[in-house]
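Student: Structure file my_file.csv (CSV, C-alpha atoms) is given on the next line.
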```
chain,number,residue,atom,x,y,z
A,1,MET,CA,0.0,0.0,0.0
A,2,THR,CA,1.4,3.4,-0.9
A,3,VAL,CA,1.8,6.2,1.6
A,4,GLU,CA,-0.7,8.1,-0.5
A,5,LYS,CA,-3.4,5.4,-0.1
A,6,MET,CA,-2.9,5.4,3.7
A,7,GLY,CA,-3.5,9.2,3.8
A,8,SER,CA,-6.3,11.3,5.0
A,9,VAL,CA,-8.9,12.2,2.3
A,10,PRO,CA,-8.1,15.5,0.5
A,11,LEU,CA,-10.9,18.0,1.4
A,12,TYR,CA,-9.9,20.8,-0.9
A,13,ARG,CA,-9.5,21.4,-4.7
A,14,SER,CA,-7.8,23.9,-6.9
A,15,GLY,CA,-9.6,27.3,-6.6
A,16,ASP,CA,-10.9,26.7,-3.1
A,17,ARG,CA,-10.5,29.6,-0.7
A,18,VAL,CA,-8.7,28.5,2.5
A,19,ARG,CA,-7.2,30.0,5.6
A,20,VAL,CA,-4.1,28.8,7.3
A,21,ARG,CA,-4.5,28.0,11.0
A,22,LYS,CA,-3.1,30.6,13.4
A,23,ALA,CA,-1.4,28.4,16.0
A,24,ALA,CA,2.0,28.1,17.5
A,25,PRO,CA,2.6,24.5,18.5
A,26,LEU,CA,6.1,23.4,19.4
A,27,GLY,CA,8.0,21.0,17.1
A,28,HIS,CA,9.2,20.6,13.6
A,29,VAL,CA,6.5,22.6,11.8
A,30,ARG,CA,6.8,23.3,8.1
A,31,THR,CA,4.2,26.1,8.1
A,32,PRO,CA,6.2,29.3,8.4
A,33,PHE,CA,4.9,31.9,10.9
A,34,TYR,CA,4.6,34.6,8.2
A,35,ILE,CA,1.7,32.7,6.5
A,36,ARG,CA,-0.2,31.6,9.6
A,37,GLY,CA,-3.7,33.1,9.8
A,38,HIS,CA,-3.7,34.3,6.2
A,39,ALA,CA,-6.3,33.4,3.5
A,40,GLY,CA,-5.4,32.2,0.0
A,41,VAL,CA,-6.6,30.0,-2.9
A,42,VAL,CA,-5.6,26.4,-3.5
A,43,GLU,CA,-3.3,26.4,-6.6
A,44,ARG,CA,-3.0,22.6,-6.8
A,45,TYR,CA,-3.1,19.4,-4.8
A,46,CYS,CA,0.4,17.9,-4.5
A,47,GLY,CA,-0.4,14.4,-3.1
A,48,ALA,CA,-0.2,13.1,0.5
A,49,PHE,CA,3.0,13.0,2.5
A,50,PRO,CA,3.9,11.7,6.0
A,51,ASN,CA,3.3,14.4,8.5
A,52,PRO,CA,6.7,16.1,9.1
A,53,GLU,CA,5.7,17.1,12.7
A,54,GLU,CA,5.3,13.3,13.5
A,55,LEU,CA,8.4,12.2,11.5
A,56,ALA,CA,10.5,14.6,13.6
A,57,GLN,CA,9.4,12.7,16.6
A,58,GLN,CA,10.6,9.4,15.2
A,59,ARG,CA,7.1,8.3,14.3
A,60,ASP,CA,5.9,7.1,10.9
A,61,GLY,CA,3.9,10.3,10.1
A,62,LEU,CA,0.9,8.2,9.0
A,63,PRO,CA,-1.8,8.7,8.0
A,64,ALA,CA,-0.1,10.8,5.4
A,65,GLN,CA,-1.4,14.4,5.2
A,66,PRO,CA,-2.8,15.9,2.0
A,67,LEU,CA,-0.5,18.7,0.8
A,68,TYR,CA,-1.6,21.7,-1.2
A,69,ARG,CA,0.1,24.6,-2.9
A,70,VAL,CA,-1.8,27.7,-1.8
A,71,ARG,CA,-1.5,31.1,-3.5
A,72,PHE,CA,-1.6,34.3,-1.4
A,73,ARG,CA,-1.7,37.9,-2.5
A,74,GLN,CA,1.4,39.6,-1.3
A,75,LYS,CA,-0.6,42.7,-0.4
A,76,ASP,CA,-2.6,40.5,2.0
A,77,VAL,CA,0.4,38.9,3.6
A,78,TRP,CA,2.7,41.9,4.2
A,79,PRO,CA,1.5,45.2,5.5
A,80,GLY,CA,2.7,48.0,3.3
A,81,TYR,CA,3.9,45.6,0.5
A,82,ARG,CA,5.7,47.5,-2.2
A,83,GLY,CA,5.1,45.9,-5.5
A,84,GLY,CA,2.4,45.0,-7.9
A,85,ALA,CA,-1.1,44.2,-6.7
A,86,ALA,CA,-0.9,41.0,-8.7
A,87,ASP,CA,2.2,39.8,-7.0
A,88,VAL,CA,1.8,36.5,-5.1
A,89,ILE,CA,3.5,34.1,-2.8
A,90,GLU,CA,2.8,30.4,-3.3
A,91,ILE,CA,3.6,28.0,-0.5
A,92,GLU,CA,2.9,24.4,0.5
A,93,ILE,CA,0.4,23.9,3.3
A,94,PHE,CA,-0.6,20.6,4.9
A,95,GLN,CA,-4.3,19.9,5.3
A,96,HIS,CA,-4.1,19.8,9.1
A,97,TRP,CA,-2.9,23.5,8.9
A,98,ILE,CA,-6.0,24.5,6.9
A,99,GLU,CA,-9.3,25.8,8.3
A,100,ALA,CA,-12.0,26.1,5.7
B,101,MET,CA,37.2,22.9,8.7
B,102,LYS,CA,38.9,26.0,7.5
B,103,ASP,CA,42.6,25.6,6.9
B,104,SER,CA,43.5,28.6,8.9
B,105,GLY,CA,46.2,26.9,11.0
B,106,ARG,CA,44.2,27.8,14.1
B,107,TYR,CA,42.6,25.2,16.2
B,108,GLU,CA,38.8,25.2,16.1
B,109,PRO,CA,36.9,22.7,18.1
B,110,TYR,CA,34.2,20.7,16.3
B,111,SER,CA,30.7,22.1,16.7
B,112,TYR,CA,28.0,19.8,18.1
B,113,PHE,CA,26.7,18.7,14.7
B,114,GLN,CA,30.2,18.3,13.2
B,115,LEU,CA,31.1,16.0,16.0
B,116,MET,CA,27.9,14.1,15.5
B,117,GLU,CA,28.6,13.7,11.8
B,118,VAL,CA,32.2,12.6,12.3
B,119,SER,CA,31.2,10.1,15.0
B,120,LEU,CA,28.4,8.6,12.9
B,121,ARG,CA,30.6,8.4,9.8
B,122,GLU,CA,33.5,6.7,11.7
B,123,LEU,CA,31.1,4.2,13.2
B,124,LEU,CA,29.5,3.3,9.8
B,125,VAL,CA,33.0,2.8,8.4
B,126,GLU,CA,34.2,0.8,11.4
B,127,LYS,CA,31.1,-1.5,11.2
B,128,GLY,CA,31.6,-2.0,7.5
B,129,VAL,CA,28.3,-0.4,6.5
B,130,VAL,CA,30.0,2.0,4.1
B,131,SER,CA,33.6,2.6,3.0
B,132,GLU,CA,35.7,5.8,3.2
B,133,ASP,CA,36.1,5.6,-0.5
B,134,ALA,CA,32.4,5.4,-1.1
B,135,ILE,CA,31.8,8.5,1.0
B,136,ALA,CA,34.6,10.4,-0.7
B,137,GLY,CA,33.2,9.4,-4.1
B,138,ALA,CA,29.7,10.5,-3.2
B,139,MET,CA,31.0,13.8,-2.0
B,140,ALA,CA,33.1,14.3,-5.1
B,141,ALA,CA,30.1,13.5,-7.3
B,142,MET,CA,27.9,16.0,-5.4
B,143,ARG,CA,30.5,18.7,-5.7
B,144,ALA,CA,31.0,18.1,-9.4
B,145,ARG,CA,27.3,18.4,-10.2
B,146,GLY,CA,26.2,21.8,-11.6
B,147,PRO,CA,23.0,23.1,-13.1
B,148,GLU,CA,23.6,21.2,-16.4
B,149,ARG,CA,20.7,18.8,-16.0
B,150,GLY,CA,18.2,21.6,-15.3
B,151,ALA,CA,19.7,23.6,-18.2
B,152,ALA,CA,19.2,20.6,-20.6
B,153,MET,CA,15.6,20.3,-19.6
B,154,VAL,CA,15.0,24.0,-20.3
B,155,ALA,CA,16.7,23.8,-23.7
B,156,ARG,CA,14.6,20.8,-24.6
B,157,ALA,CA,11.4,22.6,-23.5
B,158,TRP,CA,12.3,25.6,-25.7
B,159,LEU,CA,12.6,23.4,-28.7
B,160,ASP,CA,9.8,20.9,-28.1
B,161,PRO,CA,6.4,22.2,-27.1
B,162,ALA,CA,5.1,18.7,-26.3
B,163,TYR,CA,8.0,18.1,-23.9
B,164,LYS,CA,7.4,21.5,-22.3
B,165,ALA,CA,3.8,20.6,-21.7
B,166,ARG,CA,4.8,17.4,-20.1
B,167,MET,CA,7.4,19.2,-18.0
B,168,LEU,CA,4.9,21.7,-16.7
B,169,ALA,CA,2.5,18.9,-15.9
B,170,ASN,CA,5.1,16.7,-14.1
B,171,GLY,CA,8.6,18.0,-13.6
B,172,THR,CA,9.9,14.7,-12.1
B,173,ASP,CA,8.7,12.6,-15.1
B,174,ALA,CA,10.3,15.2,-17.5
B,175,ALA,CA,13.6,14.9,-15.7
B,176,GLU,CA,13.5,11.1,-15.9
B,177,GLU,CA,12.5,11.3,-19.6
B,178,LEU,CA,15.9,12.8,-20.3
B,179,GLY,CA,17.6,10.0,-18.4
B,180,PHE,CA,18.2,11.9,-15.1
B,181,GLU,CA,17.8,9.8,-12.0
B,182,VAL,CA,16.0,11.8,-9.4
B,183,PRO,CA,15.0,9.4,-6.6
B,184,GLY,CA,12.5,10.9,-4.2
B,185,LEU,CA,12.4,14.3,-6.1
B,186,ARG,CA,8.9,15.9,-6.6
B,187,LEU,CA,9.7,18.6,-9.0
B,188,ILE,CA,7.4,21.5,-10.0
B,189,VAL,CA,8.5,23.6,-12.9
B,190,VAL,CA,7.1,27.1,-13.1
B,191,GLU,CA,7.1,29.1,-16.3
B,192,ASN,CA,8.2,32.6,-16.9
B,193,ALA,CA,6.1,34.6,-19.4
B,194,PRO,CA,6.1,38.2,-20.6
B,195,ASP,CA,3.6,39.0,-17.8
B,196,THR,CA,5.0,36.7,-15.1
B,197,HIS,CA,8.3,36.2,-13.3
B,198,ASN,CA,9.0,33.3,-10.9
B,199,VAL,CA,11.5,33.1,-8.1
B,200,ILE,CA,12.3,30.3,-5.8
B,201,VAL,CA,13.2,30.3,-2.1
B,202,CYS,CA,13.1,28.0,0.9
B,203,THR,CA,12.3,30.2,3.9
B,204,LEU,CA,12.6,27.4,6.4
B,205,CYS,CA,16.0,26.0,5.4
B,206,SER,CA,17.6,25.5,2.0
B,207,CYS,CA,15.5,23.0,0.0
B,208,TYR,CA,16.7,22.9,-3.5
B,209,PRO,CA,16.6,20.4,-6.4
B,210,ARG,CA,20.2,19.3,-6.0
B,211,MET,CA,19.8,16.3,-8.3
B,212,LEU,CA,19.3,18.8,-11.2
B,213,LEU,CA,21.0,22.0,-10.1
B,214,GLY,CA,23.9,20.8,-8.0
B,215,ILE,CA,24.8,22.3,-4.6
B,216,PRO,CA,22.9,25.5,-3.8
B,217,PRO,CA,24.9,28.8,-3.7
B,218,GLU,CA,25.7,30.2,-0.3
B,219,TRP,CA,23.4,33.2,-0.7
B,220,TYR,CA,20.4,30.8,-1.3
B,221,LYS,CA,21.0,29.4,2.2
B,222,SER,CA,21.6,32.8,3.8
B,223,ARG,CA,19.0,34.4,6.1
B,224,PRO,CA,19.0,37.7,4.2
B,225,TYR,CA,17.9,36.0,1.0
B,226,ARG,CA,15.4,33.7,2.7
B,227,SER,CA,13.7,36.4,4.7
B,228,ARG,CA,13.8,39.2,2.2
B,229,VAL,CA,12.9,37.7,-1.1
B,230,VAL,CA,9.4,36.7,0.2
B,231,ARG,CA,8.5,40.2,1.3
B,232,GLU,CA,10.4,42.5,-1.0
B,233,PRO,CA,11.2,40.3,-4.1
B,234,ARG,CA,11.5,43.3,-6.5
B,235,LYS,CA,14.2,44.9,-4.3
B,236,VAL,CA,16.1,41.7,-3.9
B,237,LEU,CA,15.9,40.9,-7.6
B,238,ALA,CA,17.2,44.4,-8.4
B,239,GLU,CA,20.1,43.8,-6.1
B,240,PHE,CA,20.9,40.7,-8.3
B,241,GLY,CA,20.8,43.1,-11.3
B,242,LEU,CA,17.3,42.0,-12.5
B,243,LYS,CA,14.8,44.9,-12.8
B,244,VAL,CA,11.3,43.4,-13.1
B,245,PRO,CA,8.9,45.9,-14.7
B,246,ALA,CA,6.0,47.0,-12.5
B,247,LYS,CA,3.4,45.5,-14.8
B,248,VAL,CA,5.0,42.1,-14.6
B,249,ARG,CA,3.5,39.9,-11.8
B,250,ILE,CA,6.0,38.2,-9.5
B,251,ARG,CA,5.3,34.8,-8.2
B,252,VAL,CA,7.5,33.8,-5.2
B,253,HIS,CA,7.5,30.1,-4.5
B,254,ASP,CA,8.4,29.0,-1.0
B,255,SER,CA,9.8,25.5,-1.1
B,256,ASN,CA,8.8,24.8,2.5
B,257,ALA,CA,7.7,21.2,2.4
B,258,ASP,CA,7.9,18.2,0.0
B,259,MET,CA,8.0,19.8,-3.5
B,260,ARG,CA,11.1,21.2,-5.2
B,261,TYR,CA,11.1,23.9,-7.8
B,262,MET,CA,12.8,25.0,-10.9
B,263,VAL,CA,12.0,28.0,-13.1
B,264,LEU,CA,11.5,27.6,-16.9
B,265,PRO,CA,12.9,31.0,-18.1
B,266,MET,CA,11.9,32.6,-21.4
B,267,ARG,CA,14.0,31.8,-24.4
B,268,PRO,CA,16.0,34.9,-25.3
B,269,ALA,CA,15.3,36.6,-28.6
B,270,GLY,CA,17.9,36.2,-31.3
B,271,THR,CA,18.4,32.5,-30.7
B,272,ASP,CA,16.4,31.2,-33.7
B,273,GLY,CA,17.9,28.1,-35.2
B,274,TRP,CA,20.2,27.5,-32.3
B,275,SER,CA,21.0,23.9,-31.3
B,276,GLU,CA,19.8,22.4,-28.1
B,277,GLU,CA,23.3,22.3,-26.8
B,278,ARG,CA,24.0,26.0,-27.6
B,279,LEU,CA,20.7,27.0,-26.0
B,280,ALA,CA,21.4,25.0,-22.8
B,281,ALA,CA,24.7,26.9,-22.4
B,282,LEU,CA,22.6,30.1,-22.0
B,283,VAL,CA,20.7,28.7,-19.0
B,284,THR,CA,22.5,29.6,-15.8
B,285,ARG,CA,21.9,28.4,-12.3
B,286,ASP,CA,20.6,31.8,-11.3
B,287,SER,CA,18.1,31.8,-14.1
B,288,LEU,CA,16.8,28.4,-12.9
B,289,ILE,CA,16.3,29.9,-9.4
B,290,GLY,CA,14.7,33.0,-10.9
B,291,VAL,CA,17.2,35.7,-9.7
B,292,ALA,CA,18.4,36.2,-13.3
B,293,VAL,CA,17.2,35.6,-16.8
B,294,PRO,CA,19.2,34.0,-19.7
B,295,VAL,CA,21.0,36.6,-21.8
B,296,LEU,CA,23.0,36.3,-25.0
B,297,PRO,CA,26.7,36.7,-24.5
B,298,LYS,CA,27.9,40.2,-25.4
B,299,LYS,CA,29.6,40.3,-28.8
B,300,SER,CA,33.3,40.9,-28.3
B,301,LYS,CA,33.9,44.4,-29.4
B,302,THR,CA,36.6,45.0,-32.0
B,303,ARG,CA,38.9,47.6,-30.8
B,304,LYS,CA,39.5,50.6,-32.9
B,305,SER,CA,42.8,52.3,-33.5
```
I'd like the structure from this file rewritten - as structure tokens, please.
Tutor:
Amino acid sequence: MTVEKMGSVPLYRSGDRVRVRKAAPLGHVRTPFYIRGHAGVVERYCGAFPNPEELAQQRDGLPAQPLYRVRFRQKDVWPGYRGGAADVIEIEIFQHWIEA
Amino acid sequence: MKDSGRYEPYSYFQLMEVSLRELLVEKGVVSEDAIAGAMAAMRARGPERGAAMVARAWLDPAYKARMLANGTDAAEELGFEVPGLRLIVVENAPDTHNVIVCTLCSCYPRMLLGIPPEWYKSRPYRSRVVREPRKVLAEFGLKVPAKVRIRVHDSNADMRYMVLPMRPAGTDGWSEERLAALVTRDSLIGVAVPVLPKKSKTRKS
């Protein structure tokens, strides 16, 4: 059985509007602080991968977590962003870091 | 360690690396030669594989479509072994410029581009290019016009990224090999774009 088949079910699709959880748990978190709490749009689904927060604790990281690329408008992310209104930052967000 | 002639104690992680390596050799799991060979191969690798993929994409629209759909498959199609790599290729266009960063560490498609440059791993690049990409790119000598959208890609989890730059004008009829020579490491990261080499000026007088 592939890791992907052992994963949680992907809940979101390209184009869905999502918000990143604003939380600060300890551990090996791959969701940078700068993007927590911000809302963006799913750019694509990347597949499911073992949860890095669990892997860092020597566990198997299963069930694998669906991973998405989410696109955010730079003007939404950085106060006083100097650059085009169409500028974006795209970043990978695991499903357990998304709140609908 | 730096060959400065001064004694510098190992750091915590250097000590851990040396201890682990010596144990693996002692137990016969791996040989010193194999480690040295792997390190030499890693150091010898440059951006040639990534450049070859770009040159092929410039010449073959069907390959380009496959590359944008699945970068890993496109690398393997050219015979490059990329175990474990999940590659996403992002395409520059007249209205879009892409740039890659890993804000959390230094994730980079080493299998295709070799060892990342020091600046890619530096805190100033990692923290600044996400929030002021135009300013950082200008410092690299790349002025992105205001009407061009910038897409910054944070390589923060399991994907790795490579930019497909635009083919420079004036390269009609060029061979794949000649095109590949235009594709620099920096243009694959997105802090530069491929440019034609300046014609050597004939000196007067």
Student: I'd like the neighbourhood of range 82-84 of chain A as a list in words, where a residue qualifies if any of its atoms comes within 10 Å (using all atoms listed in the file), though same-chain residues fewer than 5 positions away should be ignored.
Tutor: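 So the residues in contact are Arg73, Gln74 and Lys75 of chain A; Arg231, Glu232, Pro233, Arg234, Lys235, Pro245, Ala246, Lys247, Val248, Arg249 and Ile250 of chain B.
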Student: Quick one: distance from CA of Val283 in chain B to CA of Trp219 in chain B in Å, one decimal?
Tutor: 19.0 Å
Student: For chain A, list the residues within 9 Å of chain B, counting all atoms listed in the file, and write the list as a list in words.
Tutor: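 For chain A, the answer reads Arg30, Thr31, Pro32, Cys46, Phe49, Pro52, Leu67, Gln74, Val77, Trp78, Tyr81, Arg82, Gly83, Gly84, Ala85, Ala86, Asp87, Val88, Ile89, Glu90, Ile91, Glu92, Ile93 and Phe94 of chain A.
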Student: Given all atoms listed in the file as the basis, pick out the residue of A:Asp76, A:Gly15, A:Ser8, A:Ala100 nearest to His38 in chain A.
Tutor: A:Asp76
Student: Could you tell me how far CA of Gln95 in chain A lies from CA of Ser206 in chain B, in Å and to one decimal?
Tutor: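 So the answer is 22.8 Å.
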Student: Could you please determine the separation between CA of Asp173 in chain B and CA of Val154 in chain B in Å, to one decimal place?
Tutor: 14.0 Å
Student: Hey, what's within 10 Å of Arg267 in chain B if we count only C-alpha atoms and toss same-chain stuff fewer than 5 positions away? As a PyMOL selection string, please?
Tutor: chain B and resi 154-155+157-159+192-193+272+279+282-283+293-295
Student: Please list as a PyMOL selection string every residue within 12 Å of range 209-218 of chain B, counting all atoms listed in the file and excluding residues in the same chain fewer than 3 positions away.
Tutor: chain B and resi 139-154+171-172+174-176+178-189+200-202+205-206+221-226+255+258-263+283-289+291
Student: Have range 71-82 of chain A completed to all heavy atoms, please, and pass it along as a compact mmCIF listing (two decimals), keeping the file's coordinate frame.
Tutor:
```
# COMPACT_ATOMS: atom_id res chain seq x y z
N ARG A 71 -1.93 29.82 -2.91
CA ARG A 71 -1.50 31.10 -3.50
C ARG A 71 -2.07 32.26 -2.65
O ARG A 71 -3.29 32.30 -2.45
CB ARG A 71 -1.88 31.19 -4.93
CG ARG A 71 -1.51 32.49 -5.61
CD ARG A 71 -1.99 32.46 -7.06
NE ARG A 71 -1.16 31.58 -7.87
CZ ARG A 71 -1.48 31.23 -9.12
NH1 ARG A 71 -2.60 31.64 -9.68
NH2 ARG A 71 -0.67 30.44 -9.80
N PHE A 72 -1.21 33.15 -2.20
CA PHE A 72 -1.60 34.30 -1.40
C PHE A 72 -1.25 35.57 -2.11
O PHE A 72 -0.18 35.63 -2.73
CB PHE A 72 -0.97 34.29 -0.02
CG PHE A 72 -1.26 33.05 0.78
CD1 PHE A 72 -0.52 31.89 0.58
CD2 PHE A 72 -2.28 33.05 1.72
CE1 PHE A 72 -0.79 30.74 1.32
CE2 PHE A 72 -2.56 31.91 2.46
CZ PHE A 72 -1.81 30.75 2.27
N ARG A 73 -2.09 36.61 -1.99
CA ARG A 73 -1.70 37.90 -2.50
C ARG A 73 -0.70 38.55 -1.60
O ARG A 73 -0.94 38.63 -0.39
CB ARG A 73 -2.95 38.81 -2.68
CG ARG A 73 -3.96 38.26 -3.68
CD ARG A 73 -4.94 39.34 -4.09
NE ARG A 73 -5.28 40.22 -2.96
CZ ARG A 73 -5.83 41.42 -3.09
NH1 ARG A 73 -6.11 41.88 -4.29
NH2 ARG A 73 -6.12 42.14 -2.03
N GLN A 74 0.41 39.02 -2.16
CA GLN A 74 1.40 39.60 -1.30
C GLN A 74 0.90 40.76 -0.49
O GLN A 74 1.29 40.95 0.66
CB GLN A 74 2.61 40.11 -2.19
CG GLN A 74 3.46 38.99 -2.79
CD GLN A 74 4.46 38.42 -1.78
OE1 GLN A 74 4.15 38.25 -0.62
NE2 GLN A 74 5.65 38.13 -2.26
N LYS A 75 -0.03 41.53 -1.08
CA LYS A 75 -0.60 42.70 -0.40
C LYS A 75 -1.37 42.24 0.87
O LYS A 75 -1.52 43.00 1.82
CB LYS A 75 -1.47 43.52 -1.30
CG LYS A 75 -0.64 44.37 -2.27
CD LYS A 75 -1.50 45.42 -2.94
CE LYS A 75 -0.68 46.34 -3.84
NZ LYS A 75 0.31 47.14 -3.11
N ASP A 76 -1.90 40.99 0.83
CA ASP A 76 -2.60 40.50 2.00
C ASP A 76 -1.67 40.00 3.09
O ASP A 76 -2.01 40.00 4.27
CB ASP A 76 -3.53 39.30 1.59
CG ASP A 76 -4.67 39.73 0.69
OD1 ASP A 76 -4.97 40.94 0.66
OD2 ASP A 76 -5.24 38.85 0.01
N VAL A 77 -0.49 39.56 2.66
CA VAL A 77 0.40 38.90 3.60
C VAL A 77 1.31 39.94 4.32
O VAL A 77 1.55 39.81 5.52
CB VAL A 77 1.31 37.88 2.88
CG1 VAL A 77 2.34 37.26 3.83
CG2 VAL A 77 0.44 36.77 2.26
N TRP A 78 1.79 40.94 3.57
CA TRP A 78 2.70 41.90 4.20
C TRP A 78 2.12 43.28 4.23
O TRP A 78 1.79 43.87 3.20
CB TRP A 78 4.02 41.98 3.32
CG TRP A 78 4.62 40.66 3.03
CD1 TRP A 78 4.64 39.99 1.84
CD2 TRP A 78 5.32 39.80 3.96
NE1 TRP A 78 5.29 38.78 1.97
CE2 TRP A 78 5.71 38.65 3.26
CE3 TRP A 78 5.63 39.92 5.32
CZ2 TRP A 78 6.41 37.61 3.86
CZ3 TRP A 78 6.33 38.88 5.92
CH2 TRP A 78 6.71 37.75 5.19
N PRO A 79 1.98 43.84 5.41
CA PRO A 79 1.50 45.20 5.50
C PRO A 79 2.44 46.15 4.78
O PRO A 79 3.66 46.03 4.94
CB PRO A 79 1.49 45.49 7.02
CG PRO A 79 1.69 44.17 7.69
CD PRO A 79 2.35 43.27 6.71
N GLY A 80 1.90 47.04 3.96
CA GLY A 80 2.70 48.00 3.30
C GLY A 80 3.60 47.37 2.18
O GLY A 80 4.66 47.90 1.85
N TYR A 81 3.14 46.24 1.61
CA TYR A 81 3.90 45.60 0.50
C TYR A 81 4.12 46.54 -0.63
O TYR A 81 3.17 47.15 -1.13
CB TYR A 81 3.19 44.33 0.06
CG TYR A 81 3.89 43.64 -1.09
CD1 TYR A 81 5.03 42.88 -0.86
CD2 TYR A 81 3.43 43.77 -2.41
CE1 TYR A 81 5.69 42.26 -1.91
CE2 TYR A 81 4.09 43.15 -3.46
CZ TYR A 81 5.22 42.40 -3.20
OH TYR A 81 5.88 41.79 -4.24
N ARG A 82 5.38 46.66 -1.04
CA ARG A 82 5.70 47.50 -2.20
C ARG A 82 5.94 46.66 -3.38
O ARG A 82 6.95 45.98 -3.46
CB ARG A 82 6.94 48.35 -1.87
CG ARG A 82 6.75 49.30 -0.69
CD ARG A 82 8.10 49.73 -0.17
NE ARG A 82 8.65 50.77 -1.04
CZ ARG A 82 8.81 52.03 -0.65
NH1 ARG A 82 8.50 52.39 0.57
NH2 ARG A 82 9.33 52.92 -1.47
```
